[in-house]
Each structure stands twice: as structure tokens, then as C-alpha cells.
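Next up, query.csv (CSV, N, CA, C and O atoms):
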chain,number,residue,atom,x,y,z
J,3,MET,N,34.3,-29.8,198.6
J,3,MET,CA,32.9,-29.9,199.2
J,3,MET,C,32.7,-31.3,199.6
J,3,MET,O,33.0,-32.3,198.9
J,4,ASN,N,32.2,-31.5,200.8
J,4,ASN,CA,31.9,-32.8,201.3
J,4,ASN,C,30.5,-33.3,200.9
J,4,ASN,O,29.5,-32.7,201.4
J,5,ARG,N,30.4,-34.2,199.9
J,5,ARG,CA,29.1,-34.6,199.4
J,5,ARG,C,28.7,-35.9,199.9
J,5,ARG,O,29.6,-36.8,200.1
J,6,LYS,N,27.4,-36.1,200.2
J,6,LYS,CA,26.9,-37.4,200.6
J,6,LYS,C,27.1,-38.4,199.5
J,6,LYS,O,27.1,-38.1,198.3
J,7,LYS,N,27.3,-39.7,199.9
J,7,LYS,CA,27.5,-40.8,199.0
J,7,LYS,C,26.1,-41.1,198.3
J,7,LYS,O,25.1,-41.2,199.1
J,8,ARG,N,26.0,-41.1,197.0
J,8,ARG,CA,24.8,-41.4,196.3
J,8,ARG,C,25.0,-42.5,195.3
J,8,ARG,O,26.0,-42.7,194.7
J,9,LEU,N,23.9,-43.3,195.2
J,9,LEU,CA,23.9,-44.4,194.2
J,9,LEU,C,23.6,-43.8,192.8
J,9,LEU,O,22.5,-43.3,192.6
J,10,CYS,N,24.6,-43.8,191.9
J,10,CYS,CA,24.4,-43.2,190.6
J,10,CYS,C,25.0,-44.1,189.5
J,10,CYS,O,25.9,-44.9,189.9
J,11,LYS,N,24.5,-44.0,188.3
J,11,LYS,CA,25.1,-44.8,187.2
J,11,LYS,C,26.5,-44.3,187.0
J,11,LYS,O,26.8,-43.1,187.1
J,12,SER,N,27.4,-45.2,186.6
J,12,SER,CA,28.8,-44.8,186.3
J,12,SER,C,28.9,-44.4,184.9
J,12,SER,O,28.4,-45.0,184.0
J,13,LYS,N,29.7,-43.3,184.7
J,13,LYS,CA,30.0,-42.9,183.3
J,13,LYS,C,31.3,-43.6,182.8
J,13,LYS,O,31.5,-43.7,181.6
J,14,HIS,N,32.2,-43.9,183.7
J,14,HIS,CA,33.5,-44.4,183.3
J,14,HIS,C,33.5,-46.0,183.3
J,14,HIS,O,34.4,-46.5,182.6
J,15,ASP,N,32.7,-46.6,184.1
J,15,ASP,CA,32.7,-48.1,184.2
J,15,ASP,C,31.4,-48.6,183.8
J,15,ASP,O,30.6,-49.2,184.5
J,16,ALA,N,31.0,-48.3,182.5
J,16,ALA,CA,29.7,-48.7,182.0
J,16,ALA,C,29.9,-49.7,180.8
J,16,ALA,O,30.7,-49.5,179.9
J,17,GLN,N,29.2,-50.8,180.9
J,17,GLN,CA,29.1,-51.8,179.8
J,17,GLN,C,27.9,-51.6,179.0
J,17,GLN,O,27.9,-51.5,177.8
J,18,LEU,N,26.7,-51.5,179.7
J,18,LEU,CA,25.5,-51.2,179.0
J,18,LEU,C,25.0,-49.8,179.4
J,18,LEU,O,25.1,-48.9,178.6
J,19,PHE,N,24.5,-49.6,180.6
J,19,PHE,CA,24.0,-48.4,181.0
J,19,PHE,C,24.7,-47.8,182.2
J,19,PHE,O,24.4,-46.7,182.7
J,20,GLY,N,25.7,-48.5,182.8
J,20,GLY,CA,26.4,-48.0,184.0
J,20,GLY,C,25.8,-48.4,185.3
J,20,GLY,O,26.3,-47.9,186.3
J,21,VAL,N,24.8,-49.3,185.3
J,21,VAL,CA,24.2,-49.6,186.6
J,21,VAL,C,25.1,-50.4,187.5
J,21,VAL,O,25.3,-50.1,188.6
J,22,CYS,N,25.7,-51.5,186.9
J,22,CYS,CA,26.6,-52.3,187.7
J,22,CYS,C,27.8,-51.6,188.1
J,22,CYS,O,28.3,-51.7,189.3
J,23,GLY,N,28.3,-50.8,187.2
J,23,GLY,CA,29.5,-49.9,187.6
J,23,GLY,C,29.2,-48.9,188.7
J,23,GLY,O,30.0,-48.7,189.6
J,24,GLY,N,28.0,-48.4,188.7
J,24,GLY,CA,27.6,-47.4,189.7
J,24,GLY,C,27.4,-48.1,191.1
J,24,GLY,O,27.8,-47.6,192.1
J,25,ILE,N,26.8,-49.3,191.0
J,25,ILE,CA,26.7,-50.1,192.3
J,25,ILE,C,28.0,-50.5,192.8
J,25,ILE,O,28.3,-50.4,194.0
J,26,ALA,N,29.0,-50.8,192.0
J,26,ALA,CA,30.3,-51.2,192.4
J,26,ALA,C,31.0,-50.0,193.0
J,26,ALA,O,31.7,-50.1,194.0
J,27,GLU,N,30.9,-48.8,192.4
J,27,GLU,CA,31.5,-47.6,193.0
J,27,GLU,C,30.9,-47.2,194.3
J,27,GLU,O,31.6,-46.8,195.2
J,28,TYR,N,29.6,-47.4,194.4
J,28,TYR,CA,28.9,-47.1,195.7
J,28,TYR,C,29.4,-48.0,196.8
J,28,TYR,O,29.6,-47.5,197.9
J,29,PHE,N,29.5,-49.3,196.6
J,29,PHE,CA,29.9,-50.2,197.6
J,29,PHE,C,31.5,-50.4,197.6
J,29,PHE,O,32.0,-51.2,198.5
J,30,GLU,N,32.2,-49.7,196.7
J,30,GLU,CA,33.6,-49.7,196.7
J,30,GLU,C,34.2,-51.1,196.5
J,30,GLU,O,35.1,-51.6,197.2
J,31,ILE,N,33.6,-51.8,195.5
J,31,ILE,CA,34.0,-53.2,195.2
J,31,ILE,C,34.3,-53.2,193.7
J,31,ILE,O,33.9,-52.3,192.9
J,32,ASP,N,34.8,-54.3,193.2
J,32,ASP,CA,35.1,-54.5,191.8
J,32,ASP,C,33.9,-54.7,191.0
J,32,ASP,O,33.0,-55.4,191.4
J,33,SER,N,33.8,-54.0,189.9
J,33,SER,CA,32.5,-54.0,189.1
J,33,SER,C,32.3,-55.4,188.4
J,33,SER,O,31.2,-55.8,188.1
J,34,THR,N,33.4,-56.1,188.2
J,34,THR,CA,33.3,-57.5,187.7
J,34,THR,C,32.5,-58.4,188.6
J,34,THR,O,31.6,-59.2,188.2
J,35,ILE,N,32.7,-58.2,189.9
J,35,ILE,CA,31.9,-59.0,190.9
J,35,ILE,C,30.4,-58.7,190.8
J,35,ILE,O,29.6,-59.5,190.8
J,36,VAL,N,30.1,-57.4,190.7
J,36,VAL,CA,28.7,-57.0,190.6
J,36,VAL,C,28.1,-57.5,189.3
J,36,VAL,O,26.9,-58.0,189.4
J,37,ARG,N,28.8,-57.5,188.2
J,37,ARG,CA,28.3,-58.0,187.0
J,37,ARG,C,28.0,-59.5,187.0
J,37,ARG,O,27.0,-60.0,186.5
J,38,LEU,N,29.0,-60.2,187.6
J,38,LEU,CA,28.8,-61.7,187.8
J,38,LEU,C,27.6,-62.0,188.7
J,38,LEU,O,26.9,-62.9,188.4
J,39,VAL,N,27.5,-61.3,189.8
J,39,VAL,CA,26.3,-61.5,190.7
J,39,VAL,C,25.0,-61.2,190.0
J,39,VAL,O,24.1,-62.0,190.1
J,40,THR,N,25.0,-60.1,189.2
J,40,THR,CA,23.8,-59.7,188.5
J,40,THR,C,23.4,-60.8,187.4
J,40,THR,O,22.3,-61.2,187.3
J,41,LEU,N,24.4,-61.2,186.7
J,41,LEU,CA,24.2,-62.2,185.7
J,41,LEU,C,23.7,-63.6,186.3
J,41,LEU,O,22.8,-64.2,185.8
J,42,SER,N,24.3,-63.9,187.4
J,42,SER,CA,23.9,-65.1,188.2
J,42,SER,C,22.5,-65.0,188.7
J,42,SER,O,21.7,-66.0,188.6
J,43,LEU,N,22.1,-63.9,189.2
J,43,LEU,CA,20.7,-63.7,189.6
J,43,LEU,C,19.8,-63.8,188.5
J,43,LEU,O,18.7,-64.3,188.6
J,44,MET,N,20.1,-63.3,187.3
J,44,MET,CA,19.3,-63.3,186.2
J,44,MET,C,19.1,-64.8,185.7
J,44,MET,O,18.0,-65.2,185.3
J,45,ILE,N,20.2,-65.5,185.7
J,45,ILE,CA,20.1,-66.9,185.2
J,45,ILE,C,19.5,-67.9,186.2
J,45,ILE,O,18.6,-68.6,185.8
J,46,PHE,N,20.0,-67.8,187.4
J,46,PHE,CA,19.7,-68.9,188.4
J,46,PHE,C,18.5,-68.5,189.3
J,46,PHE,O,17.8,-69.4,189.8
J,47,ALA,N,18.4,-67.2,189.6
J,47,ALA,CA,17.4,-66.8,190.6
J,47,ALA,C,16.1,-66.2,190.0
J,47,ALA,O,15.2,-65.9,190.7
J,48,GLY,N,16.1,-66.1,188.7
J,48,GLY,CA,14.9,-65.6,188.0
J,48,GLY,C,14.7,-64.1,188.1
J,48,GLY,O,13.7,-63.6,187.8
J,49,MET,N,15.8,-63.4,188.4
J,49,MET,CA,15.7,-61.9,188.3
J,49,MET,C,15.5,-61.5,186.9
J,49,MET,O,16.3,-61.9,186.0
J,50,SER,N,14.6,-60.7,186.6
J,50,SER,CA,14.2,-60.3,185.2
J,50,SER,C,15.2,-59.3,184.7
J,50,SER,O,15.7,-58.4,185.5
J,51,PHE,N,15.4,-59.3,183.4
J,51,PHE,CA,16.2,-58.2,182.8
J,51,PHE,C,15.5,-56.9,182.9
J,51,PHE,O,16.2,-55.8,182.9
J,52,TRP,N,14.2,-56.9,183.1
J,52,TRP,CA,13.4,-55.7,183.3
J,52,TRP,C,13.8,-54.9,184.6
J,52,TRP,O,13.8,-53.7,184.7
J,53,VAL,N,14.3,-55.7,185.6
J,53,VAL,CA,14.7,-55.1,186.8
J,53,VAL,C,16.0,-54.2,186.5
J,53,VAL,O,16.1,-53.1,187.0
J,54,TYR,N,16.9,-54.7,185.7
J,54,TYR,CA,18.0,-54.0,185.3
J,54,TYR,C,17.6,-52.7,184.5
J,54,TYR,O,18.2,-51.6,184.7
J,55,ILE,N,16.7,-52.9,183.6
J,55,ILE,CA,16.2,-51.8,182.7
J,55,ILE,C,15.6,-50.7,183.6
J,55,ILE,O,15.8,-49.5,183.4
J,56,ILE,N,14.8,-51.1,184.6
J,56,ILE,CA,14.1,-50.1,185.5
J,56,ILE,C,15.2,-49.4,186.3
J,56,ILE,O,15.1,-48.2,186.5
J,57,ALA,N,16.2,-50.1,186.8
J,57,ALA,CA,17.3,-49.5,187.5
J,57,ALA,C,18.0,-48.5,186.6
J,57,ALA,O,18.4,-47.4,187.1
J,58,ALA,N,18.2,-48.8,185.4
J,58,ALA,CA,18.9,-47.9,184.4
J,58,ALA,C,18.1,-46.6,184.2
J,58,ALA,O,18.6,-45.5,184.1
J,59,LEU,N,16.8,-46.7,184.3
J,59,LEU,CA,15.9,-45.6,184.1
J,59,LEU,C,15.8,-44.7,185.3
J,59,LEU,O,15.6,-43.5,185.3
J,60,VAL,N,15.8,-45.4,186.5
J,60,VAL,CA,15.6,-44.7,187.8
J,60,VAL,C,16.8,-44.1,188.3
J,60,VAL,O,16.8,-43.0,188.9
J,61,MET,N,18.0,-44.8,188.2
J,61,MET,CA,19.2,-44.3,188.8
J,61,MET,C,19.7,-43.0,188.1
J,61,MET,O,19.7,-43.0,186.9
J,62,PRO,N,20.0,-42.0,188.8
J,62,PRO,CA,20.5,-40.8,188.2
J,62,PRO,C,21.9,-40.9,187.6
J,62,PRO,O,22.7,-41.8,188.1
J,63,ASP,N,22.3,-40.1,186.7
J,63,ASP,CA,23.6,-40.1,186.2
J,63,ASP,C,24.6,-39.4,187.2
J,63,ASP,O,24.1,-38.6,188.0
J,64,LYS,N,25.8,-39.8,187.2
J,64,LYS,CA,26.8,-39.3,188.2
J,64,LYS,C,27.2,-37.9,187.8
J,64,LYS,O,27.4,-37.6,186.6
J,65,ILE,N,27.2,-37.0,188.7
J,65,ILE,CA,27.6,-35.6,188.5
J,65,ILE,C,29.1,-35.5,188.8
J,65,ILE,O,29.6,-35.9,189.8
J,66,GLU,N,29.8,-35.1,187.8
J,66,GLU,CA,31.3,-35.1,187.8
J,66,GLU,C,31.9,-33.9,188.6
J,66,GLU,O,32.9,-34.0,189.2
J,67,ASP,N,31.2,-32.8,188.5
J,67,ASP,CA,31.8,-31.6,189.2
J,67,ASP,C,30.6,-30.9,189.9
J,67,ASP,O,29.5,-31.3,189.9
J,68,ASP,N,30.9,-29.7,190.5
J,68,ASP,CA,29.9,-29.0,191.2
J,68,ASP,C,29.2,-28.0,190.4
J,68,ASP,O,28.4,-27.2,190.9
J,69,SER,N,29.4,-28.0,189.1
J,69,SER,CA,28.8,-27.0,188.2
J,69,SER,C,27.3,-27.2,188.1
J,69,SER,O,26.5,-26.3,187.8
J,70,ASP,N,26.8,-28.4,188.4
J,70,ASP,CA,25.4,-28.7,188.3
J,70,ASP,C,24.7,-28.4,189.7
J,70,ASP,O,23.5,-28.7,189.8
J,71,ILE,N,25.4,-28.0,190.7
J,71,ILE,CA,24.8,-27.8,192.0
J,71,ILE,C,24.6,-26.3,192.2
J,71,ILE,O,25.6,-25.6,192.2
J,72,ILE,N,23.4,-25.9,192.5
J,72,ILE,CA,23.0,-24.6,192.8
J,72,ILE,C,22.2,-24.5,194.1
J,72,ILE,O,21.2,-25.2,194.2
J,73,ASP,N,22.7,-23.8,195.1
J,73,ASP,CA,22.0,-23.7,196.3
J,73,ASP,C,21.8,-25.1,197.0
J,73,ASP,O,20.8,-25.3,197.6
J,74,GLY,N,22.7,-26.0,196.8
J,74,GLY,CA,22.6,-27.3,197.5
J,74,GLY,C,21.7,-28.3,196.8
J,74,GLY,O,21.5,-29.4,197.3
J,75,THR,N,21.1,-27.9,195.7
J,75,THR,CA,20.2,-28.8,195.0
J,75,THR,C,20.8,-29.1,193.6
J,75,THR,O,21.5,-28.3,193.0
J,76,TYR,N,20.5,-30.3,193.1
J,76,TYR,CA,21.0,-30.7,191.8
J,76,TYR,C,20.1,-30.2,190.7
J,76,TYR,O,18.9,-30.3,190.8
J,77,HIS,N,20.7,-29.7,189.6
J,77,HIS,CA,19.9,-29.2,188.5
J,77,HIS,C,20.3,-29.9,187.2
J,77,HIS,O,21.3,-30.4,187.0
Let's see the structure in the file written out as C-alpha cells.
Amino acid sequence: MNRKKRLCKSKHDAQLFGVCGGIAEYFEIDSTIVRLVTLSLMIFAGMSFWVYIIAALVMPDKIEDDSDIIDGTYH
């Protein structure tokens, strides 16, 4: 099945909640780069840790197979 690309938390590349791993999978880059950029933004640019927590709460979990898809919608 040809599925659209979705930004989801990673189950396999997760250190805390899988947010950085999911972003890395979405953009097809190394997750270490995403983690370093996120950490740099938190330290030097003033990005709050709460932004990461909110992303962890808002981003859906990755669906591994088609068993959760019924009539084209996710359940």
C-alpha cells in the first residue's frame, strides 16, 4: 500500500519519547544530527524543553503495519 509520509514518533530510534528519531526518519537524516540540533537550540537559542514535551504529546505513534487502518482511516 502506498502510504503518505507522516511525521510520527519513532519506536525504534527513541531515546526519550522518539520525537527526534521520528523527525530524523521523516527527513531521512541521521537522528544524531537532529538530537544535536535540538540540544543546541535548547541551550543556545532558548528553545524550551516544554516544546519537546508538547511535541511528544502531539505527535502520533508510528503505525508499523496496516492492521490499524480500516477504510483508509487510522484507528
Show me, as a ChimeraX atom specification, the residues that have an atom within 6 Å of segment 10-16 of chain J when counting all atoms listed in the file, minus same-chain residues fewer than 4 positions from it. /J:20-25,61-64
Keeping only N, CA, C and O atoms, take the residues you just selected and write them out as a PDB file, in the frame of the given file.
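Saved the output as out18.pdb:
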ATOM      1  N   GLY J  20      25.700 -48.500 182.800  1.00  0.00           N
ATOM      2  CA  GLY J  20      26.400 -48.000 184.000  1.00  0.00           C
ATOM      3  C   GLY J  20      25.800 -48.400 185.300  1.00  0.00           C
ATOM      4  O   GLY J  20      26.300 -47.900 186.300  1.00  0.00           O
ATOM      5  N   VAL J  21      24.800 -49.300 185.300  1.00  0.00           N
ATOM      6  CA  VAL J  21      24.200 -49.600 186.600  1.00  0.00           C
ATOM      7  C   VAL J  21      25.100 -50.400 187.500  1.00  0.00           C
ATOM      8  O   VAL J  21      25.300 -50.100 188.600  1.00  0.00           O
ATOM      9  N   CYS J  22      25.700 -51.500 186.900  1.00  0.00           N
ATOM     10  CA  CYS J  22      26.600 -52.300 187.700  1.00  0.00           C
ATOM     11  C   CYS J  22      27.800 -51.600 188.100  1.00  0.00           C
ATOM     12  O   CYS J  22      28.300 -51.700 189.300  1.00  0.00           O
ATOM     13  N   GLY J  23      28.300 -50.800 187.200  1.00  0.00           N
ATOM     14  CA  GLY J  23      29.500 -49.900 187.600  1.00  0.00           C
ATOM     15  C   GLY J  23      29.200 -48.900 188.700  1.00  0.00           C
ATOM     16  O   GLY J  23      30.000 -48.700 189.600  1.00  0.00           O
ATOM     17  N   GLY J  24      28.000 -48.400 188.700  1.00  0.00           N
ATOM     18  CA  GLY J  24      27.600 -47.400 189.700  1.00  0.00           C
ATOM     19  C   GLY J  24      27.400 -48.100 191.100  1.00  0.00           C
ATOM     20  O   GLY J  24      27.800 -47.600 192.100  1.00  0.00           O
ATOM     21  N   ILE J  25      26.800 -49.300 191.000  1.00  0.00           N
ATOM     22  CA  ILE J  25      26.700 -50.100 192.300  1.00  0.00           C
ATOM     23  C   ILE J  25      28.000 -50.500 192.800  1.00  0.00           C
ATOM     24  O   ILE J  25      28.300 -50.400 194.000  1.00  0.00           O
ATOM     25  N   MET J  61      18.000 -44.800 188.200  1.00  0.00           N
ATOM     26  CA  MET J  61      19.200 -44.300 188.800  1.00  0.00           C
ATOM     27  C   MET J  61      19.700 -43.000 188.100  1.00  0.00           C
ATOM     28  O   MET J  61      19.700 -43.000 186.900  1.00  0.00           O
ATOM     29  N   PRO J  62      20.000 -42.000 188.800  1.00  0.00           N
ATOM     30  CA  PRO J  62      20.500 -40.800 188.200  1.00  0.00           C
ATOM     31  C   PRO J  62      21.900 -40.900 187.600  1.00  0.00           C
ATOM     32  O   PRO J  62      22.700 -41.800 188.100  1.00  0.00           O
ATOM     33  N   ASP J  63      22.300 -40.100 186.700  1.00  0.00           N
ATOM     34  CA  ASP J  63      23.600 -40.100 186.200  1.00  0.00           C
ATOM     35  C   ASP J  63      24.600 -39.400 187.200  1.00  0.00           C
ATOM     36  O   ASP J  63      24.100 -38.600 188.000  1.00  0.00           O
ATOM     37  N   LYS J  64      25.800 -39.800 187.200  1.00  0.00           N
ATOM     38  CA  LYS J  64      26.800 -39.300 188.200  1.00  0.00           C
ATOM     39  C   LYS J  64      27.200 -37.900 187.800  1.00  0.00           C
ATOM     40  O   LYS J  64      27.400 -37.600 186.600  1.00  0.00           O
TER      41      LYS J  64
END
Quick check for you: according to DSSP on this backbone, which residues of segment 9-76 of chain J are classed as helix (DSSP H, G or I)? Reply as a PyMOL selection string. chain J and resi 21-29+33-46+51-60+68-70
Enumerate, as an MDAnalysis selection string, the complete set of residues in chain J that a backbone-based DSSP assignment places in strand (DSSP E or B). chainID J and resid 11 63 71:72 75:76
Store the residues of this selection in a file with N, CA, C and O atoms, as a tab-separated table (two decimals), keeping the file's coordinate frame.
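Saved result, out15.tsv, follows:
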chain	number	residue	atom	x	y	z
J	11	LYS	N	24.50	-44.00	188.30
J	11	LYS	CA	25.10	-44.80	187.20
J	11	LYS	C	26.50	-44.30	187.00
J	11	LYS	O	26.80	-43.10	187.10
J	63	ASP	N	22.30	-40.10	186.70
J	63	ASP	CA	23.60	-40.10	186.20
J	63	ASP	C	24.60	-39.40	187.20
J	63	ASP	O	24.10	-38.60	188.00
J	71	ILE	N	25.40	-28.00	190.70
J	71	ILE	CA	24.80	-27.80	192.00
J	71	ILE	C	24.60	-26.30	192.20
J	71	ILE	O	25.60	-25.60	192.20
J	72	ILE	N	23.40	-25.90	192.50
J	72	ILE	CA	23.00	-24.60	192.80
J	72	ILE	C	22.20	-24.50	194.10
J	72	ILE	O	21.20	-25.20	194.20
J	75	THR	N	21.10	-27.90	195.70
J	75	THR	CA	20.20	-28.80	195.00
J	75	THR	C	20.80	-29.10	193.60
J	75	THR	O	21.50	-28.30	193.00
J	76	TYR	N	20.50	-30.30	193.10
J	76	TYR	CA	21.00	-30.70	191.80
J	76	TYR	C	20.10	-30.20	190.70
J	76	TYR	O	18.90	-30.30	190.80
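The space separating atom O of Leu9 of chain J from atom N of Ala57 of chain J comes to 10.9 Å.
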What gap, in Å, lies between atom O of Met44 of chain J and atom CA of Ile56 of chain J?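 A separation of 15.6 Å between them.
From atom CA of Ser50 of chain J back to atom CA of Glu27 of chain J, the distance works out to 22.8 Å.
In terms of minimum interatomic distance to Lys6 of chain J, J:Tyr28 ranks closest within J:Leu18, J:Val36, J:Phe51, J:Tyr28, counting only C-alpha atoms.
Using only N, CA, C and O atoms, the smallest distance between any of J:Ile45, J:Thr40, J:Asp32, J:Leu59 and Phe19 of chain J comes from J:Leu59.
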Fill-in result for segment 39-49 of chain J, all heavy atoms as a PDB file, keeping the file's coordinate frame:
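Output contents, as saved in selection_13.pdb:
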ATOM      1  N   VAL J  39      27.500 -61.300 189.800  1.00  0.00           N
ATOM      2  CA  VAL J  39      26.300 -61.500 190.700  1.00  0.00           C
ATOM      3  C   VAL J  39      25.000 -61.200 190.000  1.00  0.00           C
ATOM      4  O   VAL J  39      24.100 -62.000 190.100  1.00  0.00           O
ATOM      5  CB  VAL J  39      26.493 -60.697 191.973  1.00  0.00           C
ATOM      6  CG1 VAL J  39      25.209 -60.698 192.782  1.00  0.00           C
ATOM      7  CG2 VAL J  39      27.647 -61.231 192.798  1.00  0.00           C
ATOM      8  N   THR J  40      25.000 -60.100 189.200  1.00  0.00           N
ATOM      9  CA  THR J  40      23.800 -59.700 188.500  1.00  0.00           C
ATOM     10  C   THR J  40      23.400 -60.800 187.400  1.00  0.00           C
ATOM     11  O   THR J  40      22.300 -61.200 187.300  1.00  0.00           O
ATOM     12  CB  THR J  40      23.968 -58.349 187.807  1.00  0.00           C
ATOM     13  OG1 THR J  40      24.273 -57.380 188.808  1.00  0.00           O
ATOM     14  CG2 THR J  40      22.724 -57.921 187.066  1.00  0.00           C
ATOM     15  N   LEU J  41      24.400 -61.200 186.700  1.00  0.00           N
ATOM     16  CA  LEU J  41      24.200 -62.200 185.700  1.00  0.00           C
ATOM     17  C   LEU J  41      23.700 -63.600 186.300  1.00  0.00           C
ATOM     18  O   LEU J  41      22.800 -64.200 185.800  1.00  0.00           O
ATOM     19  CB  LEU J  41      25.444 -62.480 184.865  1.00  0.00           C
ATOM     20  CG  LEU J  41      25.330 -63.459 183.703  1.00  0.00           C
ATOM     21  CD1 LEU J  41      24.316 -62.940 182.678  1.00  0.00           C
ATOM     22  CD2 LEU J  41      26.678 -63.672 183.063  1.00  0.00           C
ATOM     23  N   SER J  42      24.300 -63.900 187.400  1.00  0.00           N
ATOM     24  CA  SER J  42      23.900 -65.100 188.200  1.00  0.00           C
ATOM     25  C   SER J  42      22.500 -65.000 188.700  1.00  0.00           C
ATOM     26  O   SER J  42      21.700 -66.000 188.600  1.00  0.00           O
ATOM     27  CB  SER J  42      24.865 -65.403 189.336  1.00  0.00           C
ATOM     28  OG  SER J  42      26.165 -65.634 188.882  1.00  0.00           O
ATOM     29  N   LEU J  43      22.100 -63.900 189.200  1.00  0.00           N
ATOM     30  CA  LEU J  43      20.700 -63.700 189.600  1.00  0.00           C
ATOM     31  C   LEU J  43      19.800 -63.800 188.500  1.00  0.00           C
ATOM     32  O   LEU J  43      18.700 -64.300 188.600  1.00  0.00           O
ATOM     33  CB  LEU J  43      20.606 -62.333 190.354  1.00  0.00           C
ATOM     34  CG  LEU J  43      21.228 -62.231 191.738  1.00  0.00           C
ATOM     35  CD1 LEU J  43      21.164 -60.799 192.246  1.00  0.00           C
ATOM     36  CD2 LEU J  43      20.545 -63.170 192.702  1.00  0.00           C
ATOM     37  N   MET J  44      20.100 -63.300 187.300  1.00  0.00           N
ATOM     38  CA  MET J  44      19.300 -63.300 186.200  1.00  0.00           C
ATOM     39  C   MET J  44      19.100 -64.800 185.700  1.00  0.00           C
ATOM     40  O   MET J  44      18.000 -65.200 185.300  1.00  0.00           O
ATOM     41  CB  MET J  44      19.800 -62.458 185.035  1.00  0.00           C
ATOM     42  CG  MET J  44      19.603 -60.991 185.245  1.00  0.00           C
ATOM     43  SD  MET J  44      20.195 -60.083 183.809  1.00  0.00           S
ATOM     44  CE  MET J  44      19.913 -58.420 184.335  1.00  0.00           C
ATOM     45  N   ILE J  45      20.200 -65.500 185.700  1.00  0.00           N
ATOM     46  CA  ILE J  45      20.100 -66.900 185.200  1.00  0.00           C
ATOM     47  C   ILE J  45      19.500 -67.900 186.200  1.00  0.00           C
ATOM     48  O   ILE J  45      18.600 -68.600 185.800  1.00  0.00           O
ATOM     49  CB  ILE J  45      21.503 -67.351 184.717  1.00  0.00           C
ATOM     50  CG1 ILE J  45      21.964 -66.535 183.514  1.00  0.00           C
ATOM     51  CG2 ILE J  45      21.507 -68.843 184.385  1.00  0.00           C
ATOM     52  CD1 ILE J  45      23.410 -66.778 183.124  1.00  0.00           C
ATOM     53  N   PHE J  46      20.000 -67.800 187.400  1.00  0.00           N
ATOM     54  CA  PHE J  46      19.700 -68.900 188.400  1.00  0.00           C
ATOM     55  C   PHE J  46      18.500 -68.500 189.300  1.00  0.00           C
ATOM     56  O   PHE J  46      17.800 -69.400 189.800  1.00  0.00           O
ATOM     57  CB  PHE J  46      20.897 -69.303 189.152  1.00  0.00           C
ATOM     58  CG  PHE J  46      21.997 -69.835 188.269  1.00  0.00           C
ATOM     59  CD1 PHE J  46      23.199 -69.158 188.153  1.00  0.00           C
ATOM     60  CD2 PHE J  46      21.827 -70.999 187.547  1.00  0.00           C
ATOM     61  CE1 PHE J  46      24.214 -69.634 187.345  1.00  0.00           C
ATOM     62  CE2 PHE J  46      22.831 -71.493 186.724  1.00  0.00           C
ATOM     63  CZ  PHE J  46      24.028 -70.810 186.628  1.00  0.00           C
ATOM     64  N   ALA J  47      18.400 -67.200 189.600  1.00  0.00           N
ATOM     65  CA  ALA J  47      17.400 -66.800 190.600  1.00  0.00           C
ATOM     66  C   ALA J  47      16.100 -66.200 190.000  1.00  0.00           C
ATOM     67  O   ALA J  47      15.200 -65.900 190.700  1.00  0.00           O
ATOM     68  CB  ALA J  47      17.997 -65.878 191.642  1.00  0.00           C
ATOM     69  N   GLY J  48      16.100 -66.100 188.700  1.00  0.00           N
ATOM     70  CA  GLY J  48      14.900 -65.600 188.000  1.00  0.00           C
ATOM     71  C   GLY J  48      14.700 -64.100 188.100  1.00  0.00           C
ATOM     72  O   GLY J  48      13.700 -63.600 187.800  1.00  0.00           O
ATOM     73  N   MET J  49      15.800 -63.400 188.400  1.00  0.00           N
ATOM     74  CA  MET J  49      15.700 -61.900 188.300  1.00  0.00           C
ATOM     75  C   MET J  49      15.500 -61.500 186.900  1.00  0.00           C
ATOM     76  O   MET J  49      16.300 -61.900 186.000  1.00  0.00           O
ATOM     77  CB  MET J  49      16.943 -61.231 188.894  1.00  0.00           C
ATOM     78  CG  MET J  49      16.829 -59.717 188.935  1.00  0.00           C
ATOM     79  SD  MET J  49      18.285 -58.935 189.659  1.00  0.00           S
ATOM     80  CE  MET J  49      19.143 -58.440 188.179  1.00  0.00           C
TER      81      MET J  49
END
